[in-house]
Amino acid sequence: MARWDDILTLPVQEPSTIQFSSSDLNWFKVEGWRQNVDDVALIPFTRVEDFVKGESSSVECPTRFRVEARRKKAEGSSYKPRVDGYLEYILYWCCYGPDDHRKGGTSRPSRRCIKPSKKKSAGRPHTKRGCVCHFIVKRLYAQPSVALIIYNQRKHVDKTGCPCHGPLDHKAIGTRFMYAPYISEELRLRITSMLYAGFSVESIMQKHMKAIERHGGPSNRDDLLSHIYVRKLERDIRRSTYELDSNDALSVEIWVENHRSKVFYYQGSSDTDAFILGIQTEWQLQQMILFGNNNLIAVDSSFGVKKLKYPVYTLLVFDSNQIAIPIAWVISASFSSHDVHKWMRSLHDRICAKDSTWRLNGFIVDDAMTETAKIRDVFQCSTLLCLWRVRRAWHRNVIKKCANSEMQREMLKRLGHIMYSTWSGSNILDAMEEFMEDFIDQSAFLEYLKAQWMPKIEMWVTAMRTLPLASQETCAAIEAYHSKLKSKLFNEADTGAYQRTDWLVHKLTTEVHSYYWFDDFSEENDLCGYMRDGELASNSWHRALYIADSDVILNDKDLQFAKVVSQSDHSQTHIVWNPGTEFAICDCSWSMLGNLCKHVIKAGMVCHDHQLARPSMALQTYHQALHSLLQCPPNGSIVLDHAIALAIHTQQDLKRLLGLSNYRGTNPPLTMVPGNWVCKKSRTKRKMSTTEENKDVVCGNKVSSDGDNEAVSHKIASAEKTDRTTKV
Ligand SMILES: [Zn+2]
Ligand SMILES: [Zn+2]
């Protein structure tokens with residue numbers, strides 16, 4: 001039996017699953033109060049919630065533990081030098097106790113005066129059945145980062161020692177006392193997400209009942225979901241308002257106060273500080289741990305600079321299908337490196353508190369202005385540059401500002417050449433001057449180029465020369481997220497809302513979050529057919545994979561263009577100009593909106609396979625990195641041994657990644673999923689039904705962004721309606 005003095009030397013246990021329970025921990029016996037023998041264990045204090053959740057969802061006796069008592073010592077208060085002196089004390093008790101409302105049961109004197117009300121509120125029936133199961137969490141002075149769990153009574157029994165709820169209690173069989181007292185947080189989140197996604201109360205209940213029927217009747221508390229409960233949630237959503245105060249800043253402050261668990265960084269606006277709000281929900285945190293570990297994070301920076309009061313900075317991870325999922329949003333007035341560093345550090349600490357082994361391989365930025373030193377300082381990984389913004393901006397503006405399609409592709413081709421020549425050391429300013437002379441008639445585009453790009457072109461080129469470039473697949477994934485966010489956010493009838501931060505916070509955490517959460521859930525549960533608008537978070541790269549090689553025709557000997565057979569109508573073809581380059585352009589409606597379309601990507605893939613095009617810019621930077629590595633071999637010393645070990649390690653890592661990408665579209669083998677989170681599901685194959693780009697056009701047409709011509713996109717959308725694809 002451990003003595004109290006020994007307790008502090010016990011190992012701090014950190015199970016690698018998202019939730020864990022007492023069965024996942026090693027317990028040590030210690031002599032407790034009144035000669036009782038208590039079980040004790042140490043876990044990180046940041047993971048107490050995970051333990052409470054895991055303990056509540058035990059299979060043998062589902063329940064919920066709630067805080068029965070909590071004491072917190074004021075900071076700096078003196079304390080008796082005791083070995084178990086604590087900063088914080090929390091007593092968790094099983095919801096079915098300690099009082100006993102059963103016939104003949106007793107309640108504590110303080111509770112006796114409360115008469116059970118006749119009107120039973122849903123979900124809060126008289127559940128007290130005298131359960132004595134409870135445990136204590138102490139945060140000791142000696143180790144404030146650690147939680148000491150003391151289990152006094154582990155069995156769910158009453159004073160007489162008989163089981164008083166759960167499947168072992170004979171009197172509870174066939175009643176709700178067999179199950180947990182409330183529906184799970186996950187089901188609540190699922191229902192709210194479905195409501196936000198547009199499902200009616202009736203259809204949610206129908207699906208629920210069908211699912212229960214399928215598994216042969218109710219088997220847990222969630223199966224007892226009632227109409228009343230769903231209707232109440234629906235009403236709450238309908239009545240909820242983003243405007244918690246007429247003053248926007250105050251309103252956001254109230255939101256932050258009410259949603260502490262979703263906020264990883266908050267700095268109110270003041271004379272000295274800029275406004276910063278970092279949002280990450282529990283689900284997003286899980287996705288970041290699951291898909292970010294030993295993997296990449298990308299950003300979509302400065303979304304809505306023109307329209308919103310403060311722009312949104314999104315951090316994205318890529319799931320097993322390389323679809324970008326938002327795992328944190330930062331709304332801020334300042335993106336100075338000092339401010340970015342503050343919230344990044346806080347986010348990093350939050351992840352490491354959950355999983356101290358979590359590591360990032362690379363951080364992909366999309367703006368040459370980003371100070372990468374700060375990112376490297378926090379995440380300890382390399383940074384890459386993604387050029388999707390440049391390509392999209394040039395592509396859109398060439399189409400918008402120049403009416404002649406032949407001229408459009410010539411200009412894009414030249415701009416592409418200029419970008420490619422970055423590595424040959426030619427002077428970018430000279431090249432740009434030359435471009436302007438050659439296209440002097442295109443004054444509208446040239447004015448745009450001069451105003452928007454000339455002041456910062458050198459900065460971009462420097463970034464391109466110093467940072468490795470991200471692939472087209474990454475560009476497609478980020479771009480798809482960006483378009484999706486646009487269609488989800490900018491559909492408000494009252495455009496005045498765009499100038500309110502509380503509106504933005506509300507939108508992101510409800511509708512946008514629900515969309516991505518529900519996508520994940522529907523995929524796992526094969527609910528794709530239930531998606532209200534049939535759209536999934538797919539992207540052009542992913543869609544390009546479904547085009548057969550034989551549908552790409554490269555009959556032009558100069559390779560000025562390639563033809564790609566339309567997937568919806570095989571008698572039609574799309575023409576891709578400048579195939580195999582980042583600045584290719586296609587005549588389909590999606591490309592005409594400035595987007596990277598699947599035809600461009602597929603044509604590029606075929607060109608590269610046939611070695612008809614030069615390597616992509618990303619591949620060029622890869623070659624360059626390898627080349628410079630070979631140029632300076634370490635001399636024959638211990639440094640060489642390090643180099644060999646690292647090179648082999650890297651090679652193995654690459655093999656693993658290659659394997660992973662070959663498994664695209666199916667469950668990756670468990671060995672490929674970050675070790676710690678194997679138990680968590682991985683996102684499965686995405687169904688491709690009705691997810692043509694035309695869908696996105698329809699969504700996009702509500703969006704008037706970056707000077708998008710709404711009328712044109714609307715026309716295209718309706719014209720293309722007939723061109724909807726069937727199953728691919
Ligand atoms: Zn209990
Ligand atoms: Zn196209």
# chains A, B, ... in the order shown; residues from 1 in each chain; ligands from 1
>>> residues_around(residues="Leu10 (chain A)", least_positions_apart="6", cutoff="9 Å", atoms="only C-alpha atoms", output="compact mmCIF listing (two decimals) with N, CA and C atoms, in the first residue's frame")
# COMPACT_ATOMS: atom_id res chain seq x y z
N PHE A 28 -3.35 2.62 -7.43
CA PHE A 28 -2.50 2.30 -6.28
C PHE A 28 -3.33 2.45 -5.02
N ALA A 41 -4.65 7.50 -8.47
CA ALA A 41 -3.88 7.52 -9.73
C ALA A 41 -3.60 8.98 -10.07
N LEU A 42 -2.53 9.21 -10.81
CA LEU A 42 -2.20 10.57 -11.24
C LEU A 42 -2.39 10.68 -12.76
>>> residues_around(residues="Glu282 (chain A)", least_positions_apart="2", cutoff="12 Å", atoms="only C-alpha atoms", output="ChimeraX atom specification")
/A:18-19,49-50,185-186,189,259-264,279-280,284-289,327-328,350-351,354,509,513,517
>>> closest_residue(among="A:Pro615, A:Gly105, A:Pro634, A:Gly594", to="ligand 2", atoms="only C-alpha atoms and all ligand atoms")
A:Gly594
>>> residues_around(residues="region 382-394 of chain A", least_positions_apart="2", cutoff="8 Å", atoms="only C-alpha atoms", output="PyMOL selection string")
chain A and resi 361-368+372+375-376+380+396-398+412+463-464+467-471+474-476+478-479+582-583+594-596
>>> residues_near_ligand(ligand="ligand 2", cutoff="9 Å", atoms="only C-alpha atoms and all ligand atoms", output="list in words")
Val564, Ser566, His574, Ile575, Val576, Ile585, Cys586, Asp587, Cys588, Ser589, Trp590, Ser591, Met592, Asn595, Leu596, Cys597, Lys598, His599, Val600 and Ile601 of chain A
>>> write_last_selection(atoms="C-alpha atoms", output="tab-separated table (two decimals), in the first residue's frame")
chain	number	residue	atom	x	y	z
A	564	VAL	CA	-11.21	16.51	-71.76
A	566	SER	CA	-17.27	16.07	-70.18
A	574	HIS	CA	-13.84	20.87	-72.58
A	575	ILE	CA	-10.71	22.51	-73.90
A	576	VAL	CA	-7.84	23.08	-71.49
A	585	ILE	CA	-7.29	27.63	-68.25
A	586	CYS	CA	-10.36	25.66	-69.24
A	587	ASP	CA	-13.57	26.67	-70.99
A	588	CYS	CA	-15.87	25.10	-68.38
A	589	SER	CA	-18.03	27.30	-66.18
A	590	TRP	CA	-16.10	26.49	-63.02
A	591	SER	CA	-12.80	27.59	-64.54
A	592	MET	CA	-14.44	30.68	-65.99
A	595	ASN	CA	-11.36	28.34	-60.04
A	596	LEU	CA	-9.02	25.44	-60.51
A	597	CYS	CA	-11.25	22.92	-62.31
A	598	LYS	CA	-10.99	19.14	-62.50
A	599	HIS	CA	-10.29	19.23	-66.26
A	600	VAL	CA	-7.19	21.37	-65.75
A	601	ILE	CA	-5.96	19.05	-63.03
>>> residues_near_ligand(ligand="ligand 1", cutoff="8 Å", atoms="only C-alpha atoms and all ligand atoms", output="PyMOL selection string")
chain A and resi 61+63+93-97+131-133+155-157+164-166
>>> atom_distance(atom1="CA of Pro181 (chain A)", atom2="CA of Glu60 (chain A)")
14.4 Å
>>> residues_around(residues="Val146 (chain A)", least_positions_apart="4", cutoff="10 Å", atoms="only C-alpha atoms", output="list of chain:residue names")
A:Leu8, A:Val12, A:Gln13, A:Leu42, A:Ile43, A:Pro44, A:Phe45, A:Thr46, A:Arg47, A:Val48, A:Val137, A:Lys138, A:Arg139, A:Leu140, A:Tyr141, A:Ala142
>>> atom_distance(atom1="CA of Ile228 (chain A)", atom2="CA of Met205 (chain A)")
10.4 Å
>>> select_by_dssp(residues="region 576-661 of chain A", states="alpha helix (DSSP H)", output="PyMOL selection string")
chain A and resi 589-592+598-609+617-631+638-661
>>> residues_around(residues="Ile237 (chain A)", least_positions_apart="2", cutoff="12 Å", atoms="only C-alpha atoms", output="VMD selection string")
chain A and resid 191 to 198 230 to 235 239 to 242 506 510 to 511
>>> write_last_selection(atoms="N, CA and C atoms", output="PDB file, in the first residue's frame")
ATOM      1  N   ILE A 191     -27.850  16.149 -33.374  1.00  0.00           N
ATOM      2  CA  ILE A 191     -29.179  16.703 -33.659  1.00  0.00           C
ATOM      3  C   ILE A 191     -29.073  18.185 -34.023  1.00  0.00           C
ATOM      4  N   THR A 192     -28.287  18.944 -33.251  1.00  0.00           N
ATOM      5  CA  THR A 192     -28.165  20.372 -33.591  1.00  0.00           C
ATOM      6  C   THR A 192     -27.551  20.529 -34.983  1.00  0.00           C
ATOM      7  N   SER A 193     -26.561  19.681 -35.298  1.00  0.00           N
ATOM      8  CA  SER A 193     -25.952  19.780 -36.621  1.00  0.00           C
ATOM      9  C   SER A 193     -26.963  19.480 -37.709  1.00  0.00           C
ATOM     10  N   MET A 194     -27.800  18.458 -37.467  1.00  0.00           N
ATOM     11  CA  MET A 194     -28.812  18.109 -38.470  1.00  0.00           C
ATOM     12  C   MET A 194     -29.822  19.237 -38.610  1.00  0.00           C
ATOM     13  N   LEU A 195     -30.170  19.852 -37.497  1.00  0.00           N
ATOM     14  CA  LEU A 195     -31.125  20.967 -37.559  1.00  0.00           C
ATOM     15  C   LEU A 195     -30.525  22.131 -38.342  1.00  0.00           C
ATOM     16  N   TYR A 196     -29.262  22.428 -38.073  1.00  0.00           N
ATOM     17  CA  TYR A 196     -28.594  23.499 -38.815  1.00  0.00           C
ATOM     18  C   TYR A 196     -28.454  23.143 -40.293  1.00  0.00           C
ATOM     19  N   ALA A 197     -28.310  21.841 -40.567  1.00  0.00           N
ATOM     20  CA  ALA A 197     -28.174  21.415 -41.958  1.00  0.00           C
ATOM     21  C   ALA A 197     -29.522  21.414 -42.674  1.00  0.00           C
ATOM     22  N   GLY A 198     -30.601  21.697 -41.935  1.00  0.00           N
ATOM     23  CA  GLY A 198     -31.892  21.872 -42.577  1.00  0.00           C
ATOM     24  C   GLY A 198     -32.860  20.707 -42.441  1.00  0.00           C
ATOM     25  N   VAL A 230     -36.142  17.032 -29.195  1.00  0.00           N
ATOM     26  CA  VAL A 230     -35.675  17.541 -30.493  1.00  0.00           C
ATOM     27  C   VAL A 230     -36.385  18.850 -30.827  1.00  0.00           C
ATOM     28  N   ARG A 231     -37.684  18.884 -30.511  1.00  0.00           N
ATOM     29  CA  ARG A 231     -38.434  20.103 -30.798  1.00  0.00           C
ATOM     30  C   ARG A 231     -37.893  21.272 -29.971  1.00  0.00           C
ATOM     31  N   LYS A 232     -37.512  20.965 -28.731  1.00  0.00           N
ATOM     32  CA  LYS A 232     -36.970  22.014 -27.867  1.00  0.00           C
ATOM     33  C   LYS A 232     -35.646  22.551 -28.448  1.00  0.00           C
ATOM     34  N   LEU A 233     -34.820  21.640 -28.912  1.00  0.00           N
ATOM     35  CA  LEU A 233     -33.551  22.079 -29.516  1.00  0.00           C
ATOM     36  C   LEU A 233     -33.812  22.937 -30.749  1.00  0.00           C
ATOM     37  N   GLU A 234     -34.796  22.493 -31.526  1.00  0.00           N
ATOM     38  CA  GLU A 234     -35.126  23.219 -32.753  1.00  0.00           C
ATOM     39  C   GLU A 234     -35.601  24.637 -32.405  1.00  0.00           C
ATOM     40  N   ARG A 235     -36.409  24.716 -31.351  1.00  0.00           N
ATOM     41  CA  ARG A 235     -36.935  26.021 -30.930  1.00  0.00           C
ATOM     42  C   ARG A 235     -35.798  26.914 -30.425  1.00  0.00           C
ATOM     43  N   ARG A 239     -34.858  30.462 -31.988  1.00  0.00           N
ATOM     44  CA  ARG A 239     -34.956  31.695 -31.202  1.00  0.00           C
ATOM     45  C   ARG A 239     -33.603  32.314 -30.886  1.00  0.00           C
ATOM     46  N   SER A 240     -32.553  31.545 -31.112  1.00  0.00           N
ATOM     47  CA  SER A 240     -31.236  32.067 -30.712  1.00  0.00           C
ATOM     48  C   SER A 240     -30.853  33.240 -31.611  1.00  0.00           C
ATOM     49  N   THR A 241     -30.142  34.166 -31.046  1.00  0.00           N
ATOM     50  CA  THR A 241     -29.716  35.318 -31.822  1.00  0.00           C
ATOM     51  C   THR A 241     -28.231  35.524 -31.602  1.00  0.00           C
ATOM     52  N   TYR A 242     -27.591  35.992 -32.651  1.00  0.00           N
ATOM     53  CA  TYR A 242     -26.169  36.244 -32.496  1.00  0.00           C
ATOM     54  C   TYR A 242     -25.926  37.511 -31.691  1.00  0.00           C
ATOM     55  N   HIS A 506     -21.035  33.480 -34.527  1.00  0.00           N
ATOM     56  CA  HIS A 506     -22.221  32.633 -34.487  1.00  0.00           C
ATOM     57  C   HIS A 506     -22.297  31.738 -35.731  1.00  0.00           C
ATOM     58  N   THR A 510     -21.878  27.645 -35.637  1.00  0.00           N
ATOM     59  CA  THR A 510     -23.118  26.886 -35.807  1.00  0.00           C
ATOM     60  C   THR A 510     -23.171  26.277 -37.211  1.00  0.00           C
ATOM     61  N   GLU A 511     -23.458  27.090 -38.216  1.00  0.00           N
ATOM     62  CA  GLU A 511     -23.690  26.533 -39.549  1.00  0.00           C
ATOM     63  C   GLU A 511     -22.451  25.911 -40.181  1.00  0.00           C
TER      64      GLU A 511
END
>>> atom_distance(atom1="CA of Lys484 (chain A)", atom2="CA of Leu296 (chain A)")
20.6 Å
>>> select_by_dssp(residues="region 105-239 of chain A", states="strand (DSSP E or B)", output="PyMOL selection string")
chain A and resi 129+134-140+146-153+157+163
>>> write_last_selection(atoms="N, CA and C atoms", output="short mmCIF file (atom, residue, chain, number, x, y, z; two decimals), in the first residue's frame")
data_model
loop_
_atom_site.label_atom_id
_atom_site.label_comp_id
_atom_site.auth_asym_id
_atom_site.auth_seq_id
_atom_site.Cartn_x
_atom_site.Cartn_y
_atom_site.Cartn_z
N ARG A 129 -31.19 7.58 -6.77
CA ARG A 129 -31.46 6.22 -6.29
C ARG A 129 -30.41 5.80 -5.25
N HIS A 134 -18.48 7.58 -6.10
CA HIS A 134 -17.92 8.93 -6.24
C HIS A 134 -16.40 8.89 -6.21
N PHE A 135 -15.81 9.94 -6.73
CA PHE A 135 -14.35 10.07 -6.65
C PHE A 135 -13.98 11.55 -6.50
N ILE A 136 -12.74 11.76 -6.06
CA ILE A 136 -12.27 13.12 -5.78
C ILE A 136 -11.09 13.44 -6.70
N VAL A 137 -11.06 14.66 -7.20
CA VAL A 137 -9.90 15.10 -7.98
C VAL A 137 -9.22 16.21 -7.21
N LYS A 138 -7.94 16.06 -6.96
CA LYS A 138 -7.19 17.10 -6.24
C LYS A 138 -6.04 17.60 -7.10
N ARG A 139 -5.89 18.91 -7.07
CA ARG A 139 -4.74 19.51 -7.75
C ARG A 139 -3.80 19.94 -6.63
N LEU A 140 -2.70 19.25 -6.51
CA LEU A 140 -1.83 19.45 -5.35
C LEU A 140 -0.91 20.65 -5.52
N VAL A 146 -0.74 18.37 -12.30
CA VAL A 146 -1.18 16.99 -12.20
C VAL A 146 -2.47 16.91 -11.39
N ALA A 147 -3.34 15.98 -11.78
CA ALA A 147 -4.56 15.74 -11.01
C ALA A 147 -4.42 14.41 -10.28
N LEU A 148 -4.69 14.46 -9.00
CA LEU A 148 -4.69 13.22 -8.21
C LEU A 148 -6.13 12.75 -8.12
N ILE A 149 -6.39 11.55 -8.63
CA ILE A 149 -7.76 11.03 -8.55
C ILE A 149 -7.83 10.06 -7.38
N ILE A 150 -8.77 10.29 -6.50
CA ILE A 150 -8.95 9.39 -5.35
C ILE A 150 -10.33 8.76 -5.48
N TYR A 151 -10.34 7.45 -5.69
CA TYR A 151 -11.62 6.76 -5.82
C TYR A 151 -12.00 6.19 -4.46
N ASN A 152 -13.07 6.71 -3.88
CA ASN A 152 -13.50 6.21 -2.58
C ASN A 152 -14.40 5.00 -2.73
N GLN A 153 -15.34 5.12 -3.67
CA GLN A 153 -16.34 4.06 -3.82
C GLN A 153 -16.56 3.84 -5.32
N VAL A 157 -23.61 1.22 -6.20
CA VAL A 157 -24.52 0.51 -5.27
C VAL A 157 -25.11 1.52 -4.30
N PRO A 163 -26.78 -3.14 -6.13
CA PRO A 163 -26.80 -2.28 -7.32
C PRO A 163 -28.10 -1.49 -7.37
#
>>> closest_residue(among="A:Trp343, A:Met411, A:Lys159, A:Cys607", to="Asn555 (chain A)", atoms="only C-alpha atoms")
A:Cys607
>>> residues_around(residues="Val59 (chain A)", least_positions_apart="4", cutoff="12 Å", atoms="only C-alpha atoms", output="number ranges by chain")
A: 21, 23, 54-55, 63, 166-168, 178-180, 219-221
>>> residues_around(residues="Asp438 (chain A)", least_positions_apart="4", cutoff="12 Å", atoms="only C-alpha atoms", output="compact mmCIF listing (two decimals) with N, CA and C atoms, in the first residue's frame")
# COMPACT_ATOMS: atom_id res chain seq x y z
N MET A 407 -6.62 36.11 -75.94
CA MET A 407 -5.74 36.99 -75.18
C MET A 407 -5.62 36.51 -73.73
N GLU A 410 -3.19 33.68 -73.50
CA GLU A 410 -1.82 34.15 -73.77
C GLU A 410 -1.24 34.85 -72.54
N MET A 411 -2.08 35.68 -71.94
CA MET A 411 -1.62 36.42 -70.76
C MET A 411 -1.30 35.47 -69.62
N ARG A 414 1.95 33.67 -70.24
CA ARG A 414 3.12 34.51 -69.97
C ARG A 414 3.35 34.69 -68.47
N LEU A 415 2.27 34.92 -67.76
CA LEU A 415 2.40 35.08 -66.31
C LEU A 415 2.99 33.81 -65.69
N ALA A 431 10.92 41.27 -66.18
CA ALA A 431 9.96 40.38 -66.86
C ALA A 431 8.56 40.96 -66.83
N MET A 432 8.20 41.57 -65.71
CA MET A 432 6.88 42.17 -65.58
C MET A 432 6.75 43.38 -66.51
N GLU A 433 7.80 44.18 -66.57
CA GLU A 433 7.80 45.34 -67.46
C GLU A 433 7.56 44.90 -68.91
N GLU A 434 8.26 43.85 -69.27
CA GLU A 434 8.15 43.31 -70.62
C GLU A 434 6.72 42.84 -70.90
N GLN A 442 -4.25 45.86 -72.92
CA GLN A 442 -5.10 45.34 -71.85
C GLN A 442 -5.00 46.23 -70.61
N SER A 443 -5.40 47.47 -70.78
CA SER A 443 -5.15 48.45 -69.71
C SER A 443 -5.84 48.09 -68.40
N LEU A 446 -3.76 45.54 -66.67
CA LEU A 446 -2.46 46.10 -66.30
C LEU A 446 -2.57 47.04 -65.10
>>> decode(residues="region 309-364 of chain A", atoms="C-alpha atoms", output="mmCIF file, in the first residue's frame")
data_model
loop_
_atom_site.group_PDB
_atom_site.id
_atom_site.type_symbol
_atom_site.label_atom_id
_atom_site.label_comp_id
_atom_site.auth_asym_id
_atom_site.auth_seq_id
_atom_site.Cartn_x
_atom_site.Cartn_y
_atom_site.Cartn_z
ATOM 1 C CA LYS A 309 -15.279 43.755 -39.956
ATOM 2 C CA TYR A 310 -12.331 41.527 -39.098
ATOM 3 C CA PRO A 311 -10.990 38.871 -41.476
ATOM 4 C CA VAL A 312 -10.960 35.166 -40.634
ATOM 5 C CA TYR A 313 -7.801 33.097 -40.569
ATOM 6 C CA THR A 314 -8.531 29.372 -40.847
ATOM 7 C CA LEU A 315 -6.205 26.538 -39.944
ATOM 8 C CA LEU A 316 -6.861 23.406 -41.969
ATOM 9 C CA VAL A 317 -5.846 19.778 -41.739
ATOM 10 C CA PHE A 318 -6.227 17.188 -44.479
ATOM 11 C CA ASP A 319 -8.191 14.028 -43.840
ATOM 12 C CA SER A 320 -7.380 10.651 -45.368
ATOM 13 C CA ASN A 321 -8.932 11.853 -48.641
ATOM 14 C CA GLN A 322 -6.901 15.074 -48.544
ATOM 15 C CA ILE A 323 -10.034 17.100 -47.981
ATOM 16 C CA ALA A 324 -9.360 20.253 -45.975
ATOM 17 C CA ILE A 325 -11.171 20.443 -42.635
ATOM 18 C CA PRO A 326 -11.153 23.657 -40.589
ATOM 19 C CA ILE A 327 -9.696 22.954 -37.153
ATOM 20 C CA ALA A 328 -9.460 26.496 -35.808
ATOM 21 C CA TRP A 329 -10.641 29.970 -36.715
ATOM 22 C CA VAL A 330 -8.936 33.150 -35.703
ATOM 23 C CA ILE A 331 -10.817 36.405 -36.099
ATOM 24 C CA SER A 332 -8.511 39.324 -35.653
ATOM 25 C CA ALA A 333 -7.833 42.920 -36.458
ATOM 26 C CA SER A 334 -4.107 42.293 -36.432
ATOM 27 C CA PHE A 335 -1.948 39.744 -38.159
ATOM 28 C CA SER A 336 1.305 41.200 -36.964
ATOM 29 C CA SER A 337 3.817 38.512 -36.181
ATOM 30 C CA HIS A 338 3.687 39.434 -32.502
ATOM 31 C CA ASP A 339 -0.064 38.810 -32.301
ATOM 32 C CA VAL A 340 0.034 35.687 -34.455
ATOM 33 C CA HIS A 341 2.714 34.278 -32.201
ATOM 34 C CA LYS A 342 0.509 34.745 -29.143
ATOM 35 C CA TRP A 343 -2.468 32.748 -30.372
ATOM 36 C CA MET A 344 -0.351 30.147 -32.139
ATOM 37 C CA ARG A 345 1.505 29.406 -28.925
ATOM 38 C CA SER A 346 -1.751 29.097 -27.075
ATOM 39 C CA LEU A 347 -3.178 26.709 -29.684
ATOM 40 C CA HIS A 348 -0.042 24.605 -29.656
ATOM 41 C CA ASP A 349 -0.152 24.336 -25.867
ATOM 42 C CA ARG A 350 -3.779 23.285 -26.023
ATOM 43 C CA ILE A 351 -2.958 20.386 -28.352
ATOM 44 C CA CYS A 352 0.048 19.290 -26.346
ATOM 45 C CA ALA A 353 -2.014 19.278 -23.166
ATOM 46 C CA LYS A 354 -4.170 16.620 -24.819
ATOM 47 C CA ASP A 355 -1.397 14.687 -26.494
ATOM 48 C CA SER A 356 2.159 15.514 -25.541
ATOM 49 C CA THR A 357 3.528 13.381 -28.401
ATOM 50 C CA TRP A 358 1.720 15.444 -31.076
ATOM 51 C CA ARG A 359 4.123 16.787 -33.729
ATOM 52 C CA LEU A 360 3.674 18.711 -36.946
ATOM 53 C CA ASN A 361 5.636 17.934 -40.137
ATOM 54 C CA GLY A 362 4.937 21.077 -42.096
ATOM 55 C CA PHE A 363 2.975 24.311 -42.017
ATOM 56 C CA ILE A 364 1.672 25.642 -45.340
#
